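Report on one structure; see the data block that follows.
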Amino acid sequence: ASSCPRLSPQLKTQFQVGKAYPVLDNRLYWASMRQEPQVRTLSDGEHWFTTDRTLIYCSFCADFGPMNLSAVYRYVRVLREKMTSPELRNKRIVAFTGATPQLRTNCVFLLGCYLCLELQQTPEQVWEKFSHFEPSPFMGYRDATYVRSTWDLQLIECWRGLLKGIQCKLIDFERFNPAEYDYYDQPQHGDMHVMVPGKFIAFKGPTAKRLRLAQNLYSHTPKDYLEVFKHHKVSA
């Protein structure tokens, strides 16, 4: 496992699976669990939740993240609702995940996105909350291959990239449509994403003839993209 750069000296904390760690003192926590906690064992002053079964990264090879923009959008909305819910106002909210480094990394990535987008914390401030664990319980993100990774993308770099994309108006969550994003994200629907709004769309290249790629999965011909391109005002 690799770790992000440490930004300032801190007291090291030995990481333990099954323990809840503070993200926002007395309010928001996170935990890595080998088994899902049983309701009867939880304190009345706590609310535990997970998105492990609802926000899932679909890997190509040995890659495991980062989570896409739809997952970020949906996670922030879910956590916002919990943090502002009158029923949960006096409870500690615990975001828990599984016990693998991959699940822990994705959980903390999404938590960090919430802190950056909702609380306007900087990536450096966010990483301070997670950099004190020894050894680091997180992994660096890697490219979509099975060969040994020679350069890993760290959590703090993902948060910096997200904020840079918003600053440069490449990402606009005010107008973001997660259902449309998820639809076109599927290979059978073109594996298509707007990279630069109003300028550039990336998509899975067409084939001259429709080819069967797998069961119930076929390639797209150029004419399959015509209506979608017209919708997005693609002209060249």
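By order in the structure tokens, chains are A, B, ...; within a chain, residues start at 1; ligands start at 1, following the order shown.
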request  = With a distance cut-off of 12 Å and only C-alpha atoms, select the neighbouring residues of Glu180 in chain A, excluding the residue or stretch itself and same-chain residues fewer than 2 positions from it, and output the selection as a VMD selection string.
outcome  = chain A and resid 69 to 70 175 to 178 182 to 186 189 191 to 194 228
message = Give me, as a ChimeraX atom specification, all polymer residues having an atom no more than 10 Å from Met67 in chain A, counting only C-alpha atoms and skipping those fewer than 3 positions away in the same chain.
response = /A:55-58,64,70-72,106-107,109-110,158
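For range 37-132 of chain A, a DSSP pass over the backbone yields strand (DSSP E) at Glu46, His47, Trp48, Phe49, Arg92, Ile93, Val94, Ala95, Phe96 and Thr97 of chain A.
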request  = Give the alpha helix (DSSP H) residues of range 3-235 of chain A, as DSSP finds them on the backbone, and put them as a ChimeraX atom specification.
outcome  = /A:69-84,101-118,123-128,155-167,178-185,226-231
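Near Val78 in chain A, within 12 Å and counting only C-alpha atoms, sit Phe49, Thr50, Thr51, Thr54, Leu55, Ala71, Val72, Tyr73, Arg74, Tyr75, Val76, Arg80, Glu81, Lys82, Met83, Thr84, Ser85, Ile93, Ala95, Leu110, Leu111, Tyr114 and Glu118 of chain A; same-chain residues fewer than 2 positions away were not included.
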Residues within 10 Å of Thr97 in chain A, only C-alpha atoms, excluding chain neighbours under 5 positions, as an NGL selection string = :A and (18 or 30-36 or 49-53 or 102-108)
So that I have them on file, write out the residues from the current selection with N, CA, C and O atoms, as a compact mmCIF listing (two decimals), in the first residue's frame.
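Generated output (again18.txt):
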# COMPACT_ATOMS: atom_id res chain seq x y z
N GLY A 18 -12.40 -1.94 12.62
CA GLY A 18 -13.46 -2.05 13.61
C GLY A 18 -13.58 -0.85 14.53
O GLY A 18 -14.48 -0.82 15.38
N TRP A 30 -15.62 7.77 10.46
CA TRP A 30 -15.54 6.71 9.45
C TRP A 30 -14.93 5.48 10.09
O TRP A 30 -14.19 5.57 11.08
N ALA A 31 -15.24 4.31 9.55
CA ALA A 31 -14.74 3.06 10.10
C ALA A 31 -14.60 2.02 9.00
O ALA A 31 -15.34 2.05 8.01
N SER A 32 -13.64 1.14 9.18
CA SER A 32 -13.43 0.00 8.29
C SER A 32 -13.80 -1.25 9.08
O SER A 32 -13.24 -1.51 10.14
N MET A 33 -14.75 -2.03 8.56
CA MET A 33 -15.32 -3.14 9.32
C MET A 33 -15.16 -4.46 8.56
O MET A 33 -15.33 -4.50 7.33
N ARG A 34 -14.86 -5.52 9.30
CA ARG A 34 -14.82 -6.86 8.69
C ARG A 34 -16.23 -7.41 8.49
O ARG A 34 -16.48 -8.19 7.58
N GLN A 35 -17.14 -7.02 9.36
CA GLN A 35 -18.53 -7.43 9.25
C GLN A 35 -19.40 -6.20 9.45
O GLN A 35 -19.04 -5.26 10.17
N GLU A 36 -20.56 -6.21 8.81
CA GLU A 36 -21.48 -5.09 8.97
C GLU A 36 -21.98 -5.04 10.41
O GLU A 36 -22.39 -6.07 10.97
N PHE A 49 -23.86 4.09 8.35
CA PHE A 49 -24.33 3.85 6.98
C PHE A 49 -23.15 3.49 6.10
O PHE A 49 -21.99 3.81 6.39
N THR A 50 -23.43 2.81 5.00
CA THR A 50 -22.40 2.47 4.02
C THR A 50 -22.97 2.63 2.61
O THR A 50 -24.18 2.48 2.40
N THR A 51 -22.09 2.91 1.66
CA THR A 51 -22.49 2.95 0.25
C THR A 51 -21.76 1.88 -0.54
O THR A 51 -21.73 1.92 -1.77
N ASP A 52 -21.19 0.90 0.15
CA ASP A 52 -20.43 -0.16 -0.53
C ASP A 52 -21.27 -0.93 -1.54
O ASP A 52 -20.75 -1.43 -2.53
N ARG A 53 -22.57 -1.05 -1.28
CA ARG A 53 -23.42 -1.84 -2.17
C ARG A 53 -24.19 -0.98 -3.18
O ARG A 53 -24.86 -1.51 -4.06
N GLN A 102 -8.69 -1.22 -0.70
CA GLN A 102 -9.40 -0.60 -1.83
C GLN A 102 -10.70 0.05 -1.37
O GLN A 102 -11.00 1.20 -1.75
N LEU A 103 -11.48 -0.66 -0.56
CA LEU A 103 -12.73 -0.09 -0.06
C LEU A 103 -12.48 1.08 0.86
O LEU A 103 -13.20 2.08 0.82
N ARG A 104 -11.46 0.98 1.70
CA ARG A 104 -11.14 2.10 2.59
C ARG A 104 -10.76 3.34 1.79
O ARG A 104 -11.18 4.46 2.11
N THR A 105 -9.96 3.15 0.75
CA THR A 105 -9.52 4.29 -0.05
C THR A 105 -10.71 4.96 -0.73
O THR A 105 -10.81 6.19 -0.74
N ASN A 106 -11.61 4.17 -1.30
CA ASN A 106 -12.77 4.76 -1.97
C ASN A 106 -13.71 5.45 -0.98
O ASN A 106 -14.30 6.49 -1.29
N CYS A 107 -13.86 4.87 0.21
CA CYS A 107 -14.70 5.50 1.23
C CYS A 107 -14.15 6.86 1.62
O CYS A 107 -14.89 7.86 1.69
N VAL A 108 -12.85 6.92 1.88
CA VAL A 108 -12.23 8.18 2.29
C VAL A 108 -12.18 9.18 1.12
O VAL A 108 -12.32 10.39 1.32
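Between Ile171 in chain A and the residues A:Cys61, A:Val196, A:Asp44, A:Tyr218, the shortest atom-to-atom distance, using only C-alpha atoms, involves A:Val196.
We find CA of Glu128 in chain A and CA of Cys168 in chain A to be spaced 25.4 Å apart.
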inquiry  = For a quick check of understanding, using only C-alpha atoms, which of A:Asp152, A:Asn26, A:Arg160, A:His47 has the smallest distance to Gln121 in chain A?
reply    = A:Arg160
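Comparing A:Leu79, A:Leu213, A:Leu115, A:Ala62 by their smallest distance to Leu24 in chain A, the closest is A:Leu115 (using only C-alpha atoms).
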